[in-house]
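First the structure, in the form of structure tokens, and then the observations on it.
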Amino acid sequence: MKRVFVWISVGLNVVVLAGIGYVALGSPFRDWVHPFMTESSTSFFAAYPVAAGDVVFVGDSITAGAQWNELFPGVPVRNRGIGGDRTEDILARFDPLAVGPASKVFLKIGTNDLGAGIDEATVLENYEKILDRFEREAPSTTVYVQSVLPRASSYREVVESLNVGIEALAAERGLEFIDLYPAFLDEDGSIRDVLSYDELHLTGEGYRLWQEQLDAHVRG
């Protein structure tokens, strides 16, 4: 029994250290670990494909970290978030997202692009390609475009500028833009402390607030 607890402790420490490395070291750590996370996740997604009528959440680690079935009990939800994903990664793994087809897709992506220093024009170009592909390949799916969340105050200007661009792309296509940003923003320009433990990823209260912002759209 002691050996079991030792291995559990080792496993938890690895997870914690991976999380710290991901936040602290940024792109170099992401470039090393992301392929493994992607392979594991996409293998699972292939084994459990999106079915007709599903509600699908697409994004990065913030999306991946949610227990969507608990946030929306009774709703046929699918979590298609992968930690470390950027807009270019959503394009690369797009095909399985269009199967089913899903009844609704909730897209939230872009914060990792900003963290890697990718320029806004490139992020918006990728966003445009993502939305165009949904329009072509899953025309019966209702796509909801969500804003990027606040993070550390140093990101305020670039996040707000990107959100303006994302909202404009959604409007051009007649898609609903869900602006999560104001509800999560603190007075100092960062994400509210109670909603995040590292100025990026969400606490339980952060997910509770996100659920409240989405509830009418998910169940409507």
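Quick note on naming: the chains in the structure tokens go A, B, ... in the order shown, residues restart at 1 in each chain, and ligands are numbered from 1 in order of appearance.
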
- Task: Give the strand (DSSP E) residues of region 20-136 of chain A, as DSSP finds them on the backbone, and put them as a list in words.
- Result: Val55, Val56, Phe57, Val58, Gly59, Val77, Arg78, Asn79, Arg80, Gly81, Lys104, Val105, Phe106, Leu107 and Lys108 of chain A

- Find the spatial neighbours of region 90-102 of chain A, counting only C-alpha atoms, within a cut-off of 6 Å - ignore same-chain residues fewer than 3 positions away - and output them as a count of residues only. 9

I'd like the neighbourhood of Gln67 (chain A) as a PDB file with C-alpha atoms, in the first residue's frame, where a residue qualifies if any of its atoms comes within 10 Å (using only C-alpha atoms), though same-chain residues fewer than 2 positions away should be ignored.
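Final file, result-v5.pdb:
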ATOM      1  CA  THR A  63     -11.233  24.589 -22.190  1.00  0.00           C
ATOM      2  CA  ALA A  64      -9.563  21.225 -21.587  1.00  0.00           C
ATOM      3  CA  GLY A  65      -9.573  21.820 -17.824  1.00  0.00           C
ATOM      4  CA  ASN A  69     -20.520  17.264 -18.205  1.00  0.00           C
ATOM      5  CA  GLU A  70     -20.694  18.523 -14.606  1.00  0.00           C
ATOM      6  CA  LEU A  71     -21.113  22.140 -15.618  1.00  0.00           C
ATOM      7  CA  PHE A  72     -23.981  21.188 -17.958  1.00  0.00           C
ATOM      8  CA  VAL A  77     -21.252  17.748 -24.255  1.00  0.00           C
ATOM      9  CA  ARG A  78     -17.832  16.988 -25.728  1.00  0.00           C
ATOM     10  CA  ASN A  79     -14.583  18.506 -24.501  1.00  0.00           C
ATOM     11  CA  TYR A 207     -15.354  27.774 -14.276  1.00  0.00           C
TER      12      TYR A 207
END

- Task: Measuring atom to atom with only C-alpha atoms, identify which of A:Asp179, A:Asp119, A:Asp188, A:Asp89 is nearest to Ile166 (chain A).
- Result: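 Residue with the minimum atom-to-atom distance to Ile166 (chain A): A:Asp179.
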
- Query: Of the candidates A:Ile62, A:Ala170, A:Leu114, A:Val143, which one gets nearest to Gly206 (chain A) if we count only C-alpha atoms?
  - Reply: A:Ile62

- Message: Please list as number ranges by chain every residue within 9 Å of Phe184 (chain A), counting only C-alpha atoms and excluding residues in the same chain fewer than 5 positions away.
- Response: A: 149-150, 190-192, 195, 206, 209-210

- Message: I'd like to know which of A:Thr142, A:Thr122, A:Ser103, A:Ser43 is closest to Leu162 (chain A), using only C-alpha atoms.
- Response: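 Nearest candidate to Leu162 (chain A) out of A:Thr142, A:Thr122, A:Ser103, A:Ser43: A:Thr122.
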
- Task: Find the residues around Val148 (chain A) up to 10 Å (only C-alpha atoms counted), leave out those fewer than 5 positions away in its own chain, and share them as a ChimeraX atom specification.
- Result: /A:107-112,159-160,162-163,166,178-181

Write out the residues from the selection above, keeping C-alpha atoms, as a short mmCIF file (atom, residue, chain, number, x, y, z; two decimals), in the first residue's frame.
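Resulting contents of again_19.cif:
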data_model
loop_
_atom_site.label_atom_id
_atom_site.label_comp_id
_atom_site.auth_asym_id
_atom_site.auth_seq_id
_atom_site.Cartn_x
_atom_site.Cartn_y
_atom_site.Cartn_z
CA LEU A 107 -14.78 28.18 -29.75
CA LYS A 108 -12.29 29.96 -27.48
CA ILE A 109 -8.69 30.14 -28.64
CA GLY A 110 -5.88 32.66 -28.95
CA THR A 111 -4.28 33.25 -25.55
CA ASN A 112 -1.40 30.88 -26.29
CA VAL A 159 -5.99 40.82 -25.40
CA GLU A 160 -8.46 43.67 -25.79
CA LEU A 162 -7.45 40.80 -30.34
CA ASN A 163 -10.97 40.54 -28.96
CA ILE A 166 -12.37 38.36 -33.21
CA ILE A 178 -19.85 35.86 -26.38
CA ASP A 179 -17.80 38.52 -24.62
CA LEU A 180 -16.51 36.82 -21.47
CA TYR A 181 -13.81 39.43 -20.92
#

- Residue set, region 21-215 of chain A restricted to alpha helix (DSSP H), as a PyMOL selection string: chain A and resi 21-25+27-47+61-64+68-71+87-92+111-115+120-137+156-172+181-184+204-215

Restricting the output to C-alpha atoms, write the selected residues as a JSON list (two decimals), in the first residue's frame.
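Generated file (out35.json):
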[["chain", "number", "residue", "atom", "x", "y", "z"],
["A", 21, "GLY", "CA", 7.07, 24.57, -16.38],
["A", 22, "TYR", "CA", 4.33, 25.26, -18.89],
["A", 23, "VAL", "CA", 3.50, 28.62, -17.31],
["A", 24, "ALA", "CA", 7.03, 29.68, -16.36],
["A", 25, "LEU", "CA", 8.97, 28.57, -19.43],
["A", 27, "SER", "CA", 7.00, 28.30, -25.65],
["A", 28, "PRO", "CA", 10.11, 26.09, -25.19],
["A", 29, "PHE", "CA", 8.30, 23.87, -22.68],
["A", 30, "ARG", "CA", 5.16, 23.95, -24.82],
["A", 31, "ASP", "CA", 7.09, 22.85, -27.91],
["A", 32, "TRP", "CA", 8.42, 19.85, -25.99],
["A", 33, "VAL", "CA", 5.25, 18.68, -24.24],
["A", 34, "HIS", "CA", 2.52, 19.72, -26.70],
["A", 35, "PRO", "CA", 3.07, 16.89, -29.23],
["A", 36, "PHE", "CA", 2.53, 14.30, -26.49],
["A", 37, "MET", "CA", -0.60, 16.05, -25.24],
["A", 38, "THR", "CA", -1.93, 16.31, -28.79],
["A", 39, "GLU", "CA", -1.27, 12.67, -29.64],
["A", 40, "SER", "CA", -2.98, 11.45, -26.48],
["A", 41, "SER", "CA", -5.98, 13.74, -26.91],
["A", 42, "THR", "CA", -6.51, 13.17, -30.63],
["A", 43, "SER", "CA", -6.32, 9.41, -30.12],
["A", 44, "PHE", "CA", -9.09, 9.69, -27.54],
["A", 45, "PHE", "CA", -11.13, 11.98, -29.79],
["A", 46, "ALA", "CA", -10.87, 9.46, -32.63],
["A", 47, "ALA", "CA", -12.09, 6.66, -30.37],
["A", 61, "SER", "CA", -5.94, 24.12, -21.71],
["A", 62, "ILE", "CA", -8.56, 26.46, -20.26],
["A", 63, "THR", "CA", -11.23, 24.59, -22.19],
["A", 64, "ALA", "CA", -9.56, 21.23, -21.59],
["A", 68, "TRP", "CA", -18.24, 20.19, -19.01],
["A", 69, "ASN", "CA", -20.52, 17.26, -18.20],
["A", 70, "GLU", "CA", -20.69, 18.52, -14.61],
["A", 71, "LEU", "CA", -21.11, 22.14, -15.62],
["A", 87, "THR", "CA", -5.12, 28.90, -33.53],
["A", 88, "GLU", "CA", -2.83, 27.05, -35.96],
["A", 89, "ASP", "CA", -3.34, 23.84, -33.97],
["A", 90, "ILE", "CA", -7.13, 24.08, -34.22],
["A", 91, "LEU", "CA", -6.73, 24.27, -38.00],
["A", 92, "ALA", "CA", -4.40, 21.27, -38.00],
["A", 111, "THR", "CA", -4.28, 33.25, -25.55],
["A", 112, "ASN", "CA", -1.40, 30.88, -26.29],
["A", 113, "ASP", "CA", -0.76, 32.71, -29.55],
["A", 114, "LEU", "CA", -0.36, 35.92, -27.57],
["A", 115, "GLY", "CA", 1.86, 34.23, -25.02],
["A", 120, "GLU", "CA", -2.45, 39.78, -34.08],
["A", 121, "ALA", "CA", -2.78, 39.73, -37.87],
["A", 122, "THR", "CA", -1.63, 36.10, -38.00],
["A", 123, "VAL", "CA", -3.98, 35.08, -35.18],
["A", 124, "LEU", "CA", -6.95, 36.71, -36.91],
["A", 125, "GLU", "CA", -6.00, 35.14, -40.23],
["A", 126, "ASN", "CA", -6.07, 31.72, -38.57],
["A", 127, "TYR", "CA", -9.37, 32.57, -36.88],
["A", 128, "GLU", "CA", -10.82, 33.49, -40.25],
["A", 129, "LYS", "CA", -9.74, 30.15, -41.71],
["A", 130, "ILE", "CA", -11.26, 28.27, -38.76],
["A", 131, "LEU", "CA", -14.61, 30.02, -39.11],
["A", 132, "ASP", "CA", -14.58, 29.57, -42.88],
["A", 133, "ARG", "CA", -14.04, 25.84, -42.48],
["A", 134, "PHE", "CA", -16.95, 25.52, -40.07],
["A", 135, "GLU", "CA", -19.11, 27.37, -42.56],
["A", 136, "ARG", "CA", -18.06, 25.06, -45.41],
["A", 137, "GLU", "CA", -17.77, 21.71, -43.65],
["A", 156, "ARG", "CA", -4.42, 43.77, -21.28],
["A", 157, "GLU", "CA", -3.79, 45.84, -24.41],
["A", 158, "VAL", "CA", -3.08, 42.91, -26.73],
["A", 159, "VAL", "CA", -5.99, 40.82, -25.40],
["A", 160, "GLU", "CA", -8.46, 43.67, -25.79],
["A", 161, "SER", "CA", -7.21, 44.46, -29.30],
["A", 162, "LEU", "CA", -7.45, 40.80, -30.34],
["A", 163, "ASN", "CA", -10.97, 40.54, -28.96],
["A", 164, "VAL", "CA", -12.06, 43.49, -31.09],
["A", 165, "GLY", "CA", -10.75, 41.68, -34.15],
["A", 166, "ILE", "CA", -12.37, 38.36, -33.21],
["A", 167, "GLU", "CA", -15.71, 40.06, -32.61],
["A", 168, "ALA", "CA", -15.51, 41.70, -36.03],
["A", 169, "LEU", "CA", -14.85, 38.34, -37.73],
["A", 170, "ALA", "CA", -17.84, 36.81, -35.95],
["A", 171, "ALA", "CA", -20.07, 39.74, -36.97],
["A", 172, "GLU", "CA", -19.03, 39.42, -40.62],
["A", 181, "TYR", "CA", -13.81, 39.43, -20.92],
["A", 182, "PRO", "CA", -15.64, 42.04, -18.78],
["A", 183, "ALA", "CA", -16.94, 39.52, -16.25],
["A", 184, "PHE", "CA", -13.42, 38.18, -15.61],
["A", 204, "GLY", "CA", -13.37, 26.37, -9.71],
["A", 205, "GLU", "CA", -14.95, 29.79, -9.27],
["A", 206, "GLY", "CA", -13.64, 30.76, -12.69],
["A", 207, "TYR", "CA", -15.35, 27.77, -14.28],
["A", 208, "ARG", "CA", -18.53, 28.51, -12.34],
["A", 209, "LEU", "CA", -18.58, 32.04, -13.76],
["A", 210, "TRP", "CA", -17.87, 30.76, -17.27],
["A", 211, "GLN", "CA", -20.76, 28.31, -16.97],
["A", 212, "GLU", "CA", -23.06, 31.15, -15.97],
["A", 213, "GLN", "CA", -21.99, 33.16, -19.01],
["A", 214, "LEU", "CA", -22.68, 30.24, -21.36],
["A", 215, "ASP", "CA", -25.72, 28.62, -19.80]]

- Query: Rounded to one decimal in Å, what is the spacing between CA of Gly81 (chain A) and CA of Ser154 (chain A)?
  - Reply: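 Answer for the CA of Gly81 (chain A) to CA of Ser154 (chain A) separation: 25.2 Å.
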
- Message: Please compute the CA of Asp186 (chain A)-CA of Ser147 (chain A) distance, one decimal, in Å.
- Response: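 Distance reported for this atom pair: 15.9 Å.
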
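Coordinates place CA of Gly59 (chain A) at a distance of 8.2 Å from CA of Gly83 (chain A).
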